[in-house]
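What follows is one structure encoded as structure tokens, with my remarks underneath.
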Amino acid sequence: MRTEGELLSGELLIEGRLIDASNATLFGVIKTDISTEVNVVYKPIAGERPLWDFTTGNLASREVAAYLVSEVAGFHCVPTTVLRDGPFGVGAVQEWIHSNSELDVISLAQSHNQAIRNMALFDVVINNTDRKFGHILPMSHDEVLGCDHGVSFHEDFKLRTVLWQFAGKELTDTELSQLERLRQWLYAEGDPLLSTLLTKEEIAALAERTNKLSKDGFPFPSEDWPAIPWPPV
């Protein structure tokens, strides 16, 4: 994947818009020098639609927080994402990913593939309320990336996902190690960094979810709210 520096430097030029997205989602290119271009997705804060359960104007920050948590814990399932200025103001800028079109996303997502399990655990950690099949980017059977994490990190547990096949499963030693890395980071430099992206209550809830996951394993769907986003694709 591209480095954060590559996405933060250079001029961001807009080349198109993804019309199926509910918020302003633009396709662009960053020219880092004369010979290097990086294709990106740009989601300006100015183009975010208000949501009743998330504070207005902070979906871009949650996209960046999801990337940071993914990297720190070792999930490595989110394309490089930064917060930077662009033609329509500050927003989330994420590396554009060309997924493997030969892989059936729905079939892979419904399997017990290890890369899918990695994403499922990541979604519990960040409290993802919108893991649809269309937000899964399979690179290979061993690497699966995800996008659209703007509605994550709510302080109330609101997990909505199409990846429920691991419900009730205990965590492996590798998964426990991932959570431990995240926990140590949160209690060290992570809290001040996330404080620029999330509320104090949301960071506390993240730490609490991490601790609960380590003890209880993958959660079961709640009976208090829809467990699958709609539409699921």
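Letters A, B, ... mark the chains of the structure tokens in the order given; residue numbers begin at 1 per chain; ligand numbers begin at 1, in order shown.
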Which neighbours of range 24-34 of chain A fall inside 9 Å, counting only C-alpha atoms, when residues of the same chain fewer than 4 positions from it are skipped, and could you give them as a short mmCIF file (atom, residue, chain, number, x, y, z; two decimals) with N, CA and C atoms, in the first residue's frame?
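So the final result, stored in selection37.cif, reads:
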data_model
loop_
_atom_site.label_atom_id
_atom_site.label_comp_id
_atom_site.auth_asym_id
_atom_site.auth_seq_id
_atom_site.Cartn_x
_atom_site.Cartn_y
_atom_site.Cartn_z
N GLU A 6 2.77 9.87 0.99
CA GLU A 6 2.41 9.99 -0.42
C GLU A 6 1.01 10.58 -0.59
N LEU A 7 0.12 10.29 0.36
CA LEU A 7 -1.24 10.83 0.28
C LEU A 7 -1.34 12.25 0.83
N LEU A 8 -0.41 12.61 1.69
CA LEU A 8 -0.44 13.95 2.30
C LEU A 8 0.27 15.00 1.46
N SER A 9 1.18 14.56 0.60
CA SER A 9 1.94 15.51 -0.21
C SER A 9 1.38 15.56 -1.63
N GLY A 10 1.64 16.63 -2.30
CA GLY A 10 1.22 16.75 -3.69
C GLY A 10 -0.18 17.33 -3.83
N GLU A 11 -0.52 17.71 -5.05
CA GLU A 11 -1.81 18.32 -5.35
C GLU A 11 -2.86 17.26 -5.60
N LEU A 12 -4.03 17.45 -5.01
CA LEU A 12 -5.15 16.53 -5.19
C LEU A 12 -6.07 17.08 -6.28
N LEU A 13 -6.21 16.31 -7.36
CA LEU A 13 -7.05 16.71 -8.48
C LEU A 13 -8.25 15.76 -8.58
N ILE A 14 -9.43 16.30 -8.81
CA ILE A 14 -10.65 15.50 -8.91
C ILE A 14 -10.89 15.09 -10.35
N GLU A 15 -11.20 13.79 -10.55
CA GLU A 15 -11.44 13.28 -11.89
C GLU A 15 -12.84 12.71 -12.07
N GLY A 16 -13.58 12.52 -10.97
CA GLY A 16 -14.92 11.96 -11.11
C GLY A 16 -15.58 11.82 -9.76
N ARG A 17 -16.84 11.32 -9.79
CA ARG A 17 -17.60 11.12 -8.56
C ARG A 17 -18.22 9.73 -8.56
N LEU A 18 -18.22 9.08 -7.38
CA LEU A 18 -18.87 7.79 -7.22
C LEU A 18 -20.33 8.07 -6.87
N ILE A 19 -21.22 7.92 -7.82
CA ILE A 19 -22.59 8.40 -7.66
C ILE A 19 -23.44 7.52 -6.76
N ASP A 20 -23.01 6.28 -6.48
CA ASP A 20 -23.81 5.39 -5.63
C ASP A 20 -23.62 5.67 -4.14
N VAL A 38 -0.96 9.01 -7.64
CA VAL A 38 -1.62 8.07 -6.75
C VAL A 38 -3.13 8.26 -6.87
N ASN A 39 -3.83 7.23 -7.27
CA ASN A 39 -5.29 7.31 -7.35
C ASN A 39 -5.88 7.19 -5.95
N VAL A 40 -6.86 8.06 -5.65
CA VAL A 40 -7.42 8.09 -4.30
C VAL A 40 -8.94 8.31 -4.34
N VAL A 41 -9.56 8.01 -3.20
CA VAL A 41 -10.95 8.38 -2.94
C VAL A 41 -10.92 9.53 -1.94
N TYR A 42 -11.64 10.60 -2.26
CA TYR A 42 -11.65 11.81 -1.44
C TYR A 42 -13.07 12.05 -0.96
N LYS A 43 -13.24 12.10 0.38
CA LYS A 43 -14.55 12.32 0.98
C LYS A 43 -14.50 13.60 1.81
N PRO A 44 -14.84 14.74 1.21
CA PRO A 44 -14.77 16.00 1.94
C PRO A 44 -15.83 16.08 3.04
N ILE A 45 -15.46 16.66 4.17
CA ILE A 45 -16.40 16.82 5.28
C ILE A 45 -17.61 17.64 4.83
N ALA A 46 -17.38 18.60 3.93
CA ALA A 46 -18.46 19.46 3.46
C ALA A 46 -19.55 18.67 2.73
N GLY A 47 -19.23 17.48 2.27
CA GLY A 47 -20.20 16.67 1.52
C GLY A 47 -20.86 15.58 2.34
N GLU A 48 -20.65 15.60 3.66
CA GLU A 48 -21.25 14.58 4.53
C GLU A 48 -22.72 14.92 4.83
N ARG A 49 -23.58 13.93 4.70
CA ARG A 49 -24.98 14.11 5.06
C ARG A 49 -25.16 13.87 6.56
N TRP A 96 -6.91 4.45 -3.56
CA TRP A 96 -7.86 3.71 -4.40
C TRP A 96 -7.34 2.29 -4.60
#
Which polymer residues have any atom within 12 Å of an atom of Pro229 in chain A, counting only C-alpha atoms, with same-chain residues fewer than 4 positions away left out, as a PyMOL selection string?
chain A and resi 128-135+151+158-164+225+233
May I have the residues from that selection written out with C-alpha atoms, as a compact mmCIF listing (two decimals), in the first residue's frame?
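Now in part.txt:
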# COMPACT_ATOMS: atom_id res chain seq x y z
CA ASN A 128 -18.66 -0.92 12.41
CA THR A 129 -22.33 -0.24 11.66
CA ASP A 130 -22.05 -0.70 7.90
CA ARG A 131 -20.08 -3.78 6.78
CA LYS A 132 -21.80 -4.59 3.50
CA PHE A 133 -20.57 -6.99 0.84
CA GLY A 134 -19.82 -3.95 -1.31
CA HIS A 135 -17.44 -2.62 1.34
CA VAL A 151 -20.03 5.15 10.64
CA LYS A 158 -24.18 -1.00 17.14
CA LEU A 159 -22.37 -3.66 15.12
CA ARG A 160 -24.11 -4.27 11.78
CA THR A 161 -22.32 -6.62 9.42
CA VAL A 162 -22.73 -9.42 6.89
CA LEU A 163 -19.91 -11.32 8.65
CA TRP A 164 -21.70 -13.14 11.47
CA TRP A 225 -31.30 -3.53 16.55
CA VAL A 233 -24.71 -5.34 -0.85
Using only C-alpha atoms, the residue out of A:Lys169, A:Pro192, A:Asp156, A:Leu197 with shortest distance to Asp224 in chain A is A:Asp156
Q: Find the residues around Thr81 in chain A up to 12 Å (only C-alpha atoms counted), leave out those fewer than 4 positions away in its own chain, and share them as JSON, numbers by chain.
A: {"A": [1, 2, 3, 4, 5, 6, 7, 8, 40, 41, 42, 43, 60, 61, 62, 63, 64, 65, 66, 67, 68, 69, 70, 71, 76, 77, 91, 92, 93, 94, 95, 96, 97, 146, 147, 148, 149, 150]}
- [ ] Quick one: everything within 10 Å of Asp53 in chain A, counting only C-alpha atoms, minus sequence neighbours fewer than 2 positions away in the same chain. Send it as a list of chain:residue names.
- [x]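 Neighbouring residues, sequence-local ones excluded: A:Pro50, A:Leu51, A:Thr55, A:Thr56, A:Val151, A:His154, A:Asp156.
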message: So the first atom is CA of Gln114 in chain A and the second is CA of Phe166 in chain A; what is the distance between them in Å, to one decimal place?
response: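 A separation of 10.7 Å between them.
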Range 157-201 of chain A: residues DSSP assigns to helix (DSSP H, G or I), reported as a list in words: Asp173, Thr174, Glu175, Leu176, Ser177, Gln178, Leu179, Glu180, Arg181, Leu182, Arg183, Gln184, Trp185, Leu186, Tyr187, Ala188, Glu189, Gly190, Asp191, Pro192, Leu193, Leu194, Lys200 and Glu201 of chain A
In Å and to one decimal, CA of Asn113 in chain A is distant from CA of Ala167 in chain A by 14.3 Å
